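Listing of run_7.cif; format and content: mmCIF, N, CA, C and O atoms.
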data_protein
loop_
_atom_site.label_atom_id
_atom_site.label_comp_id
_atom_site.auth_asym_id
_atom_site.auth_seq_id
_atom_site.Cartn_x
_atom_site.Cartn_y
_atom_site.Cartn_z
N MET A 1 91.12 90.30 99.22
CA MET A 1 91.30 91.37 98.27
C MET A 1 92.31 92.37 98.81
O MET A 1 92.26 92.74 99.97
N GLN A 2 93.24 92.78 97.98
CA GLN A 2 94.27 93.73 98.35
C GLN A 2 93.87 95.14 97.92
O GLN A 2 93.22 95.32 96.90
N LEU A 3 94.28 96.12 98.69
CA LEU A 3 94.01 97.52 98.38
C LEU A 3 94.77 97.93 97.13
O LEU A 3 95.98 97.75 97.05
N ALA A 4 94.07 98.48 96.13
CA ALA A 4 94.71 98.87 94.88
C ALA A 4 94.88 100.38 94.74
O ALA A 4 95.77 100.83 94.03
N ALA A 5 94.03 101.16 95.38
CA ALA A 5 94.12 102.62 95.29
C ALA A 5 93.87 103.23 96.66
O ALA A 5 93.00 102.76 97.40
N LEU A 6 94.64 104.25 96.98
CA LEU A 6 94.50 104.93 98.27
C LEU A 6 94.65 106.42 98.05
O LEU A 6 95.66 106.88 97.52
N ASP A 7 93.63 107.17 98.42
CA ASP A 7 93.65 108.63 98.29
C ASP A 7 93.45 109.24 99.66
O ASP A 7 92.35 109.20 100.21
N LEU A 8 94.51 109.80 100.22
CA LEU A 8 94.46 110.48 101.51
C LEU A 8 94.77 111.96 101.35
O LEU A 8 95.24 112.61 102.27
N SER A 9 94.50 112.49 100.17
CA SER A 9 94.78 113.89 99.93
C SER A 9 93.81 114.78 100.71
O SER A 9 92.72 114.35 101.08
N HIS A 10 94.28 115.99 101.01
CA HIS A 10 93.49 116.99 101.72
C HIS A 10 93.03 116.51 103.10
O HIS A 10 91.89 116.74 103.50
N ASN A 11 93.89 115.85 103.84
CA ASN A 11 93.53 115.34 105.16
C ASN A 11 94.33 115.94 106.31
O ASN A 11 94.24 115.46 107.43
N LYS A 12 95.14 116.94 106.03
CA LYS A 12 95.96 117.58 107.05
C LYS A 12 96.90 116.60 107.76
O LYS A 12 97.21 116.75 108.93
N LEU A 13 97.35 115.58 107.01
CA LEU A 13 98.34 114.66 107.56
C LEU A 13 99.65 115.40 107.74
O LEU A 13 100.01 116.25 106.91
N ASN A 14 100.38 115.11 108.82
CA ASN A 14 101.66 115.78 109.03
C ASN A 14 102.68 114.80 109.57
O ASN A 14 102.36 113.68 109.91
N GLY A 15 103.93 115.25 109.61
CA GLY A 15 105.02 114.39 110.04
C GLY A 15 105.61 113.64 108.87
O GLY A 15 105.32 113.91 107.71
N ILE A 16 106.45 112.67 109.19
CA ILE A 16 107.10 111.89 108.14
C ILE A 16 106.18 110.77 107.67
O ILE A 16 105.26 110.37 108.38
N LEU A 17 106.44 110.27 106.49
CA LEU A 17 105.64 109.20 105.91
C LEU A 17 105.92 107.90 106.65
O LEU A 17 107.07 107.51 106.84
N SER A 18 104.89 107.21 107.05
CA SER A 18 105.02 105.97 107.82
C SER A 18 105.64 104.86 106.98
O SER A 18 105.34 104.70 105.79
N LEU A 19 106.46 104.05 107.62
CA LEU A 19 107.04 102.88 106.96
C LEU A 19 105.97 101.86 106.60
O LEU A 19 106.18 101.00 105.75
N ASP A 20 104.81 101.94 107.21
CA ASP A 20 103.73 101.01 106.92
C ASP A 20 103.24 101.09 105.48
O ASP A 20 102.65 100.13 104.97
N PHE A 21 103.47 102.21 104.82
CA PHE A 21 103.06 102.31 103.42
C PHE A 21 103.77 101.26 102.56
O PHE A 21 103.24 100.83 101.54
N SER A 22 104.95 100.83 102.96
CA SER A 22 105.69 99.84 102.17
C SER A 22 105.00 98.48 102.16
O SER A 22 105.30 97.65 101.32
N LYS A 23 104.07 98.27 103.07
CA LYS A 23 103.34 96.99 103.13
C LYS A 23 102.20 96.92 102.13
O LYS A 23 101.64 95.86 101.91
N LEU A 24 101.86 98.04 101.53
CA LEU A 24 100.74 98.09 100.59
C LEU A 24 101.24 97.79 99.18
O LEU A 24 101.13 98.60 98.26
N THR A 25 101.79 96.61 99.00
CA THR A 25 102.51 96.26 97.77
C THR A 25 101.63 96.12 96.54
O THR A 25 102.14 96.07 95.42
N GLN A 26 100.31 96.07 96.70
CA GLN A 26 99.42 95.92 95.54
C GLN A 26 98.89 97.26 95.04
O GLN A 26 98.13 97.29 94.07
N LEU A 27 99.30 98.35 95.68
CA LEU A 27 98.81 99.66 95.26
C LEU A 27 99.23 100.00 93.85
O LEU A 27 100.39 99.88 93.49
N SER A 28 98.27 100.45 93.06
CA SER A 28 98.60 100.99 91.75
C SER A 28 98.44 102.52 91.74
O SER A 28 98.98 103.18 90.88
N GLU A 29 97.69 103.05 92.72
CA GLU A 29 97.49 104.49 92.82
C GLU A 29 97.62 104.92 94.28
O GLU A 29 97.00 104.33 95.16
N LEU A 30 98.43 105.96 94.49
CA LEU A 30 98.60 106.52 95.83
C LEU A 30 98.62 108.03 95.73
O LEU A 30 99.44 108.60 95.01
N SER A 31 97.69 108.69 96.42
CA SER A 31 97.66 110.15 96.45
C SER A 31 97.71 110.62 97.90
O SER A 31 96.84 110.28 98.70
N LEU A 32 98.74 111.37 98.20
CA LEU A 32 98.91 111.98 99.52
C LEU A 32 99.05 113.49 99.38
O LEU A 32 99.65 114.16 100.22
N SER A 33 98.51 114.04 98.32
CA SER A 33 98.70 115.46 98.03
C SER A 33 97.96 116.36 99.01
O SER A 33 97.02 115.92 99.69
N ASN A 34 98.41 117.60 99.05
CA ASN A 34 97.77 118.63 99.86
C ASN A 34 97.66 118.25 101.33
O ASN A 34 96.60 118.32 101.94
N ASN A 35 98.77 117.81 101.88
CA ASN A 35 98.90 117.54 103.31
C ASN A 35 100.08 118.34 103.83
O ASN A 35 100.50 119.31 103.18
N GLN A 36 100.62 117.96 104.94
CA GLN A 36 101.78 118.64 105.52
C GLN A 36 102.85 117.61 105.88
O GLN A 36 103.46 117.67 106.94
N ILE A 37 103.06 116.67 104.98
CA ILE A 37 104.02 115.60 105.20
C ILE A 37 105.43 116.15 104.99
O ILE A 37 105.69 116.86 104.02
N THR A 38 106.33 115.83 105.91
CA THR A 38 107.68 116.38 105.90
C THR A 38 108.71 115.28 105.69
O THR A 38 108.39 114.10 105.64
N GLY A 39 109.97 115.69 105.61
CA GLY A 39 111.08 114.75 105.49
C GLY A 39 111.42 114.49 104.04
O GLY A 39 110.91 115.12 103.12
N THR A 40 112.30 113.54 103.85
CA THR A 40 112.71 113.17 102.50
C THR A 40 111.72 112.19 101.90
O THR A 40 110.92 111.58 102.62
N LEU A 41 111.77 112.04 100.58
CA LEU A 41 110.95 111.03 99.93
C LEU A 41 111.52 109.67 100.30
O LEU A 41 112.66 109.36 99.96
N PRO A 42 110.78 108.87 101.04
CA PRO A 42 111.35 107.64 101.59
C PRO A 42 111.56 106.55 100.54
O PRO A 42 110.68 106.29 99.73
N PRO A 43 112.73 105.92 100.58
CA PRO A 43 113.00 104.82 99.65
C PRO A 43 112.04 103.64 99.80
O PRO A 43 111.89 102.86 98.87
N ILE A 44 111.34 103.54 100.92
CA ILE A 44 110.39 102.44 101.12
C ILE A 44 109.29 102.47 100.07
O ILE A 44 108.68 101.45 99.78
N LEU A 45 109.05 103.65 99.46
CA LEU A 45 108.07 103.70 98.39
C LEU A 45 108.52 102.86 97.20
O LEU A 45 107.70 102.49 96.37
N GLY A 46 109.79 102.55 97.13
CA GLY A 46 110.30 101.68 96.08
C GLY A 46 109.76 100.27 96.16
O GLY A 46 109.80 99.52 95.19
N ASN A 47 109.22 99.88 97.32
CA ASN A 47 108.60 98.57 97.47
C ASN A 47 107.25 98.49 96.75
O ASN A 47 106.71 97.41 96.56
N LEU A 48 106.71 99.63 96.38
CA LEU A 48 105.41 99.67 95.72
C LEU A 48 105.60 99.58 94.21
O LEU A 48 105.40 100.52 93.47
N THR A 49 106.01 98.42 93.77
CA THR A 49 106.44 98.24 92.38
C THR A 49 105.28 98.24 91.38
O THR A 49 105.51 98.28 90.18
N LYS A 50 104.04 98.21 91.85
CA LYS A 50 102.89 98.22 90.94
C LYS A 50 102.30 99.61 90.77
O LYS A 50 101.30 99.78 90.07
N LEU A 51 102.93 100.61 91.39
CA LEU A 51 102.42 101.97 91.28
C LEU A 51 102.43 102.46 89.84
O LEU A 51 103.43 102.36 89.15
N LEU A 52 101.30 102.98 89.41
CA LEU A 52 101.19 103.64 88.12
C LEU A 52 100.89 105.12 88.29
O LEU A 52 101.02 105.90 87.35
N PHE A 53 100.46 105.51 89.49
CA PHE A 53 100.10 106.89 89.78
C PHE A 53 100.56 107.21 91.20
O PHE A 53 100.20 106.50 92.14
N LEU A 54 101.36 108.25 91.33
CA LEU A 54 101.83 108.69 92.65
C LEU A 54 101.74 110.20 92.71
O LEU A 54 102.33 110.89 91.89
N ASP A 55 100.97 110.71 93.66
CA ASP A 55 100.84 112.16 93.82
C ASP A 55 101.24 112.55 95.23
O ASP A 55 100.54 112.24 96.20
N LEU A 56 102.40 113.18 95.33
CA LEU A 56 102.91 113.66 96.62
C LEU A 56 103.02 115.19 96.60
O LEU A 56 103.73 115.77 97.41
N SER A 57 102.30 115.81 95.71
CA SER A 57 102.39 117.27 95.56
C SER A 57 101.79 118.00 96.75
O SER A 57 101.00 117.44 97.51
N TYR A 58 102.19 119.26 96.89
CA TYR A 58 101.69 120.14 97.94
C TYR A 58 101.88 119.57 99.34
O TYR A 58 100.95 119.46 100.13
N ASN A 59 103.11 119.17 99.61
CA ASN A 59 103.52 118.74 100.93
C ASN A 59 104.78 119.52 101.30
O ASN A 59 105.01 120.59 100.74
N GLN A 60 105.57 118.99 102.19
CA GLN A 60 106.80 119.67 102.59
C GLN A 60 108.00 118.72 102.49
O GLN A 60 108.92 118.79 103.30
N PHE A 61 107.97 117.83 101.49
CA PHE A 61 109.10 116.94 101.27
C PHE A 61 110.32 117.75 100.89
O PHE A 61 110.20 118.79 100.22
N SER A 62 111.49 117.27 101.28
CA SER A 62 112.74 117.96 100.96
C SER A 62 113.78 116.94 100.55
O SER A 62 113.57 115.74 100.68
N GLY A 63 114.91 117.42 100.04
CA GLY A 63 116.01 116.53 99.68
C GLY A 63 115.94 116.09 98.23
O GLY A 63 115.37 116.75 97.38
N VAL A 64 116.52 114.94 97.97
CA VAL A 64 116.67 114.43 96.60
C VAL A 64 115.48 113.58 96.19
O VAL A 64 114.74 113.07 97.02
N ILE A 65 115.33 113.45 94.87
CA ILE A 65 114.33 112.54 94.32
C ILE A 65 114.99 111.17 94.22
O ILE A 65 115.97 111.00 93.50
N PRO A 66 114.50 110.19 94.96
CA PRO A 66 115.18 108.88 95.00
C PRO A 66 115.07 108.10 93.69
O PRO A 66 114.18 108.34 92.88
N ASN A 67 115.98 107.17 93.52
CA ASN A 67 116.05 106.37 92.30
C ASN A 67 114.85 105.48 92.07
O ASN A 67 114.60 105.08 90.94
N PHE A 68 114.08 105.15 93.11
CA PHE A 68 112.93 104.27 92.89
C PHE A 68 111.96 104.88 91.88
O PHE A 68 111.27 104.16 91.17
N ILE A 69 111.93 106.19 91.79
CA ILE A 69 111.02 106.82 90.83
C ILE A 69 111.43 106.47 89.41
O ILE A 69 110.60 106.16 88.57
N SER A 70 112.71 106.46 89.13
CA SER A 70 113.15 106.11 87.78
C SER A 70 112.85 104.65 87.46
O SER A 70 112.47 104.32 86.35
N ARG A 71 112.97 103.79 88.43
CA ARG A 71 112.71 102.36 88.20
C ARG A 71 111.22 102.07 88.07
O ARG A 71 110.82 101.24 87.28
N ASN A 72 110.39 102.73 88.86
CA ASN A 72 109.00 102.34 88.96
C ASN A 72 108.02 103.17 88.14
O ASN A 72 106.99 102.67 87.74
N LEU A 73 108.31 104.44 87.94
CA LEU A 73 107.28 105.31 87.38
C LEU A 73 107.62 105.94 86.04
O LEU A 73 106.74 106.08 85.21
N VAL A 74 108.84 106.35 85.84
CA VAL A 74 109.17 107.09 84.62
C VAL A 74 108.96 106.20 83.40
O VAL A 74 109.42 105.08 83.34
N GLY A 75 108.24 106.73 82.44
CA GLY A 75 108.00 106.01 81.20
C GLY A 75 106.66 105.33 81.12
O GLY A 75 106.15 105.11 80.04
N TYR A 76 106.05 104.98 82.23
CA TYR A 76 104.75 104.32 82.14
C TYR A 76 103.76 104.75 83.20
O TYR A 76 102.64 104.28 83.24
N GLY A 77 104.13 105.68 84.05
CA GLY A 77 103.21 106.11 85.08
C GLY A 77 103.16 107.61 85.20
O GLY A 77 103.76 108.34 84.43
N TYR A 78 102.40 108.06 86.18
CA TYR A 78 102.26 109.47 86.47
C TYR A 78 102.72 109.74 87.88
O TYR A 78 102.37 109.00 88.80
N PHE A 79 103.49 110.78 88.05
CA PHE A 79 103.86 111.17 89.40
C PHE A 79 103.95 112.67 89.49
O PHE A 79 104.30 113.36 88.54
N TYR A 80 103.56 113.15 90.64
CA TYR A 80 103.51 114.59 90.88
C TYR A 80 104.26 114.88 92.17
O TYR A 80 103.95 114.32 93.22
N LEU A 81 105.25 115.75 92.05
CA LEU A 81 106.06 116.15 93.20
C LEU A 81 106.07 117.66 93.36
O LEU A 81 106.80 118.18 94.20
N ASN A 82 105.26 118.35 92.60
CA ASN A 82 105.30 119.81 92.61
C ASN A 82 104.88 120.38 93.97
O ASN A 82 104.18 119.74 94.74
N ASN A 83 105.35 121.59 94.20
CA ASN A 83 105.05 122.34 95.42
C ASN A 83 105.46 121.60 96.69
O ASN A 83 104.68 121.44 97.63
N ASN A 84 106.69 121.14 96.68
CA ASN A 84 107.36 120.61 97.85
C ASN A 84 108.60 121.47 98.06
O ASN A 84 108.72 122.54 97.46
N GLN A 85 109.49 121.02 98.88
CA GLN A 85 110.71 121.77 99.14
C GLN A 85 111.93 120.99 98.66
O GLN A 85 112.96 120.97 99.33
N LEU A 86 111.79 120.35 97.52
CA LEU A 86 112.90 119.60 96.93
C LEU A 86 113.90 120.62 96.40
O LEU A 86 113.56 121.45 95.56
N THR A 87 115.12 120.56 96.91
CA THR A 87 116.08 121.62 96.62
C THR A 87 117.15 121.21 95.62
O THR A 87 117.93 122.04 95.20
N THR A 88 117.20 119.98 95.24
CA THR A 88 118.24 119.53 94.32
C THR A 88 117.77 119.69 92.88
O THR A 88 116.58 119.70 92.61
N PRO A 89 118.69 119.79 91.92
CA PRO A 89 118.27 119.85 90.52
C PRO A 89 117.63 118.53 90.10
O PRO A 89 117.81 117.50 90.75
N LEU A 90 116.89 118.57 89.00
CA LEU A 90 116.26 117.35 88.50
C LEU A 90 117.33 116.31 88.16
O LEU A 90 118.32 116.63 87.51
N PRO A 91 117.12 115.07 88.57
CA PRO A 91 118.06 114.00 88.20
C PRO A 91 118.05 113.77 86.69
O PRO A 91 117.07 114.10 86.01
N ALA A 92 119.10 113.19 86.19
CA ALA A 92 119.25 112.96 84.74
C ALA A 92 118.08 112.16 84.17
O ALA A 92 117.64 112.43 83.06
N PHE A 93 117.56 111.20 84.91
CA PHE A 93 116.50 110.36 84.37
C PHE A 93 115.20 111.14 84.15
O PHE A 93 114.31 110.68 83.45
N LEU A 94 115.08 112.33 84.72
CA LEU A 94 113.88 113.15 84.52
C LEU A 94 114.06 114.24 83.48
O LEU A 94 113.09 114.77 82.96
N GLN A 95 115.26 114.57 83.13
CA GLN A 95 115.50 115.73 82.30
C GLN A 95 114.98 115.58 80.87
O GLN A 95 114.70 116.56 80.22
N ASN A 96 114.79 114.36 80.39
CA ASN A 96 114.29 114.16 79.04
C ASN A 96 112.81 113.81 79.01
O ASN A 96 112.26 113.50 77.96
N GLN A 97 112.14 113.85 80.15
CA GLN A 97 110.72 113.54 80.22
C GLN A 97 109.90 114.76 79.83
O GLN A 97 110.31 115.89 80.05
N THR A 98 108.72 114.52 79.27
CA THR A 98 107.89 115.63 78.86
C THR A 98 106.95 116.09 79.97
O THR A 98 106.44 117.20 79.93
N THR A 99 106.67 115.24 80.97
CA THR A 99 105.79 115.59 82.08
C THR A 99 106.46 115.20 83.37
O THR A 99 107.05 114.14 83.46
N TYR A 100 106.37 116.04 84.37
CA TYR A 100 106.98 115.75 85.67
C TYR A 100 105.92 115.71 86.73
O TYR A 100 105.07 116.50 86.80
#
Could I get this file's structure written as structure tokens?
Amino acid sequence: MQLAALDLSHNKLNGILSLDFSKLTQLSELSLSNNQITGTLPPILGNLTKLLFLDLSYNQFSGVIPNFISRNLVGYGYFYLNNNQLTTPLPAFLQNQTTY
């Protein structure tokens, strides 16, 4: 049996996101909210093609929102990036969405 949902929110995790998350290819839900995770949003999350729910809110991510979000989540899933340190404007693929 493969892991389908992982919730590590509110665990005081810190540092950059481990590359090992890319091995969890059967995940449909991933919540890492309310931690102290830093760095950019890693493109390795693009390997999680079955994600329908991604919550990375309330961390310290910075930089751009990578294209994997447009391919994997926009239009049929939920993702939360609020309360991070993302400094770039919203990419074009998000500007016409009703929920971010």
Translate the PyMOL selection byres ((chain A and resi 25-39) around 5), as applied to the file shown, into an explicit residue set as a short mmCIF file (atom, residue, chain, number, x, y, z; two decimals) with N, CA, C and O atoms, in the coordinates of the input.
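For reference, selection-v1.cif as written:
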data_model
loop_
_atom_site.label_atom_id
_atom_site.label_comp_id
_atom_site.auth_asym_id
_atom_site.auth_seq_id
_atom_site.Cartn_x
_atom_site.Cartn_y
_atom_site.Cartn_z
N LEU A 3 94.28 96.12 98.69
CA LEU A 3 94.01 97.52 98.38
C LEU A 3 94.77 97.93 97.13
O LEU A 3 95.98 97.75 97.05
N ALA A 4 94.07 98.48 96.13
CA ALA A 4 94.71 98.87 94.88
C ALA A 4 94.88 100.38 94.74
O ALA A 4 95.77 100.83 94.03
N ALA A 5 94.03 101.16 95.38
CA ALA A 5 94.12 102.62 95.29
C ALA A 5 93.87 103.23 96.66
O ALA A 5 93.00 102.76 97.40
N LEU A 6 94.64 104.25 96.98
CA LEU A 6 94.50 104.93 98.27
C LEU A 6 94.65 106.42 98.05
O LEU A 6 95.66 106.88 97.52
N ASP A 7 93.63 107.17 98.42
CA ASP A 7 93.65 108.63 98.29
C ASP A 7 93.45 109.24 99.66
O ASP A 7 92.35 109.20 100.21
N LEU A 8 94.51 109.80 100.22
CA LEU A 8 94.46 110.48 101.51
C LEU A 8 94.77 111.96 101.35
O LEU A 8 95.24 112.61 102.27
N SER A 9 94.50 112.49 100.17
CA SER A 9 94.78 113.89 99.93
C SER A 9 93.81 114.78 100.71
O SER A 9 92.72 114.35 101.08
N HIS A 10 94.28 115.99 101.01
CA HIS A 10 93.49 116.99 101.72
C HIS A 10 93.03 116.51 103.10
O HIS A 10 91.89 116.74 103.50
N ASN A 11 93.89 115.85 103.84
CA ASN A 11 93.53 115.34 105.16
C ASN A 11 94.33 115.94 106.31
O ASN A 11 94.24 115.46 107.43
N LYS A 12 95.14 116.94 106.03
CA LYS A 12 95.96 117.58 107.05
C LYS A 12 96.90 116.60 107.76
O LYS A 12 97.21 116.75 108.93
N LEU A 13 97.35 115.58 107.01
CA LEU A 13 98.34 114.66 107.56
C LEU A 13 99.65 115.40 107.74
O LEU A 13 100.01 116.25 106.91
N ASN A 14 100.38 115.11 108.82
CA ASN A 14 101.66 115.78 109.03
C ASN A 14 102.68 114.80 109.57
O ASN A 14 102.36 113.68 109.91
N GLY A 15 103.93 115.25 109.61
CA GLY A 15 105.02 114.39 110.04
C GLY A 15 105.61 113.64 108.87
O GLY A 15 105.32 113.91 107.71
N ILE A 16 106.45 112.67 109.19
CA ILE A 16 107.10 111.89 108.14
C ILE A 16 106.18 110.77 107.67
O ILE A 16 105.26 110.37 108.38
N LEU A 17 106.44 110.27 106.49
CA LEU A 17 105.64 109.20 105.91
C LEU A 17 105.92 107.90 106.65
O LEU A 17 107.07 107.51 106.84
N SER A 22 104.95 100.83 102.96
CA SER A 22 105.69 99.84 102.17
C SER A 22 105.00 98.48 102.16
O SER A 22 105.30 97.65 101.32
N LYS A 23 104.07 98.27 103.07
CA LYS A 23 103.34 96.99 103.13
C LYS A 23 102.20 96.92 102.13
O LYS A 23 101.64 95.86 101.91
N LEU A 24 101.86 98.04 101.53
CA LEU A 24 100.74 98.09 100.59
C LEU A 24 101.24 97.79 99.18
O LEU A 24 101.13 98.60 98.26
N THR A 40 112.30 113.54 103.85
CA THR A 40 112.71 113.17 102.50
C THR A 40 111.72 112.19 101.90
O THR A 40 110.92 111.58 102.62
N LEU A 41 111.77 112.04 100.58
CA LEU A 41 110.95 111.03 99.93
C LEU A 41 111.52 109.67 100.30
O LEU A 41 112.66 109.36 99.96
N ASN A 47 109.22 99.88 97.32
CA ASN A 47 108.60 98.57 97.47
C ASN A 47 107.25 98.49 96.75
O ASN A 47 106.71 97.41 96.56
N LEU A 48 106.71 99.63 96.38
CA LEU A 48 105.41 99.67 95.72
C LEU A 48 105.60 99.58 94.21
O LEU A 48 105.40 100.52 93.47
N THR A 49 106.01 98.42 93.77
CA THR A 49 106.44 98.24 92.38
C THR A 49 105.28 98.24 91.38
O THR A 49 105.51 98.28 90.18
N LYS A 50 104.04 98.21 91.85
CA LYS A 50 102.89 98.22 90.94
C LYS A 50 102.30 99.61 90.77
O LYS A 50 101.30 99.78 90.07
N LEU A 51 102.93 100.61 91.39
CA LEU A 51 102.42 101.97 91.28
C LEU A 51 102.43 102.46 89.84
O LEU A 51 103.43 102.36 89.15
N LEU A 52 101.30 102.98 89.41
CA LEU A 52 101.19 103.64 88.12
C LEU A 52 100.89 105.12 88.29
O LEU A 52 101.02 105.90 87.35
N PHE A 53 100.46 105.51 89.49
CA PHE A 53 100.10 106.89 89.78
C PHE A 53 100.56 107.21 91.20
O PHE A 53 100.20 106.50 92.14
N LEU A 54 101.36 108.25 91.33
CA LEU A 54 101.83 108.69 92.65
C LEU A 54 101.74 110.20 92.71
O LEU A 54 102.33 110.89 91.89
N ASP A 55 100.97 110.71 93.66
CA ASP A 55 100.84 112.16 93.82
C ASP A 55 101.24 112.55 95.23
O ASP A 55 100.54 112.24 96.20
N LEU A 56 102.40 113.18 95.33
CA LEU A 56 102.91 113.66 96.62
C LEU A 56 103.02 115.19 96.60
O LEU A 56 103.73 115.77 97.41
N SER A 57 102.30 115.81 95.71
CA SER A 57 102.39 117.27 95.56
C SER A 57 101.79 118.00 96.75
O SER A 57 101.00 117.44 97.51
N TYR A 58 102.19 119.26 96.89
CA TYR A 58 101.69 120.14 97.94
C TYR A 58 101.88 119.57 99.34
O TYR A 58 100.95 119.46 100.13
N ASN A 59 103.11 119.17 99.61
CA ASN A 59 103.52 118.74 100.93
C ASN A 59 104.78 119.52 101.30
O ASN A 59 105.01 120.59 100.74
N GLN A 60 105.57 118.99 102.19
CA GLN A 60 106.80 119.67 102.59
C GLN A 60 108.00 118.72 102.49
O GLN A 60 108.92 118.79 103.30
N PHE A 61 107.97 117.83 101.49
CA PHE A 61 109.10 116.94 101.27
C PHE A 61 110.32 117.75 100.89
O PHE A 61 110.20 118.79 100.22
N SER A 62 111.49 117.27 101.28
CA SER A 62 112.74 117.96 100.96
C SER A 62 113.78 116.94 100.55
O SER A 62 113.57 115.74 100.68
#
With 4 Å on each side, where is the centre of the axis-aligned box around all listed atoms of segment 8-19 of chain A, and how long are its edges in Å to one decimal, as lines of an AutoDock Vina configuration file?
center_x = 99.5
center_y = 109.3
center_z = 105.0
size_x = 23.2
size_y = 24.6
size_z = 18.1
Let me make sure I understand: among A:Gln2, A:Gly63, A:Gln85, A:Ser18, which one has the smallest atom-to-atom distance to Ile44 of chain A if we use only N, CA, C and O atoms?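 Comparing A:Gln2, A:Gly63, A:Gln85, A:Ser18 against Ile44 of chain A, the winner is A:Ser18.
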Find the distance between atom O of Asn84 of chain A and atom O of Pro43 of chain A and write it in Å to one decimal. 20.0 Å
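Take atom C of Asp20 of chain A and atom CA of Leu81 of chain A: the distance between them is 19.6 Å.
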Please indicate the distance in Å from atom N of Thr87 of chain A to atom C of Pro42 of chain A, rounded to one decimal place. 14.9 Å
Working from the structure I just supplied, which lacks atoms in segment 32-37 of chain A, can you model all heavy atoms there and output them as a compact mmCIF listing (two decimals), in the frame of the given file?
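Saved as selection_15.txt:
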# COMPACT_ATOMS: atom_id res chain seq x y z
N LEU A 32 98.74 111.37 98.20
CA LEU A 32 98.91 111.98 99.52
C LEU A 32 99.05 113.49 99.38
O LEU A 32 99.65 114.16 100.22
CB LEU A 32 100.15 111.40 100.21
CG LEU A 32 100.12 109.90 100.47
CD1 LEU A 32 101.46 109.42 100.98
CD2 LEU A 32 99.02 109.54 101.43
N SER A 33 98.51 114.04 98.32
CA SER A 33 98.70 115.46 98.03
C SER A 33 97.96 116.36 99.01
O SER A 33 97.02 115.92 99.69
CB SER A 33 98.23 115.76 96.61
OG SER A 33 96.83 115.57 96.51
N ASN A 34 98.41 117.60 99.05
CA ASN A 34 97.77 118.63 99.86
C ASN A 34 97.66 118.25 101.33
O ASN A 34 96.60 118.32 101.94
CB ASN A 34 96.39 118.97 99.29
CG ASN A 34 96.49 119.66 97.96
OD1 ASN A 34 96.77 120.85 97.91
ND2 ASN A 34 96.31 118.92 96.89
N ASN A 35 98.77 117.81 101.88
CA ASN A 35 98.90 117.54 103.31
C ASN A 35 100.08 118.34 103.83
O ASN A 35 100.50 119.31 103.18
CB ASN A 35 99.07 116.04 103.56
CG ASN A 35 97.77 115.29 103.41
OD1 ASN A 35 96.85 115.47 104.19
ND2 ASN A 35 97.68 114.44 102.39
N GLN A 36 100.62 117.96 104.94
CA GLN A 36 101.78 118.64 105.52
C GLN A 36 102.85 117.61 105.88
O GLN A 36 103.46 117.67 106.94
CB GLN A 36 101.34 119.44 106.75
CG GLN A 36 100.34 120.52 106.40
CD GLN A 36 99.57 121.04 107.61
OE1 GLN A 36 99.80 120.62 108.74
NE2 GLN A 36 98.65 121.93 107.36
N ILE A 37 103.06 116.67 104.98
CA ILE A 37 104.02 115.60 105.20
C ILE A 37 105.43 116.15 104.99
O ILE A 37 105.69 116.86 104.02
CB ILE A 37 103.75 114.40 104.28
CG1 ILE A 37 102.31 113.92 104.48
CG2 ILE A 37 104.73 113.27 104.56
CD1 ILE A 37 101.85 112.90 103.46
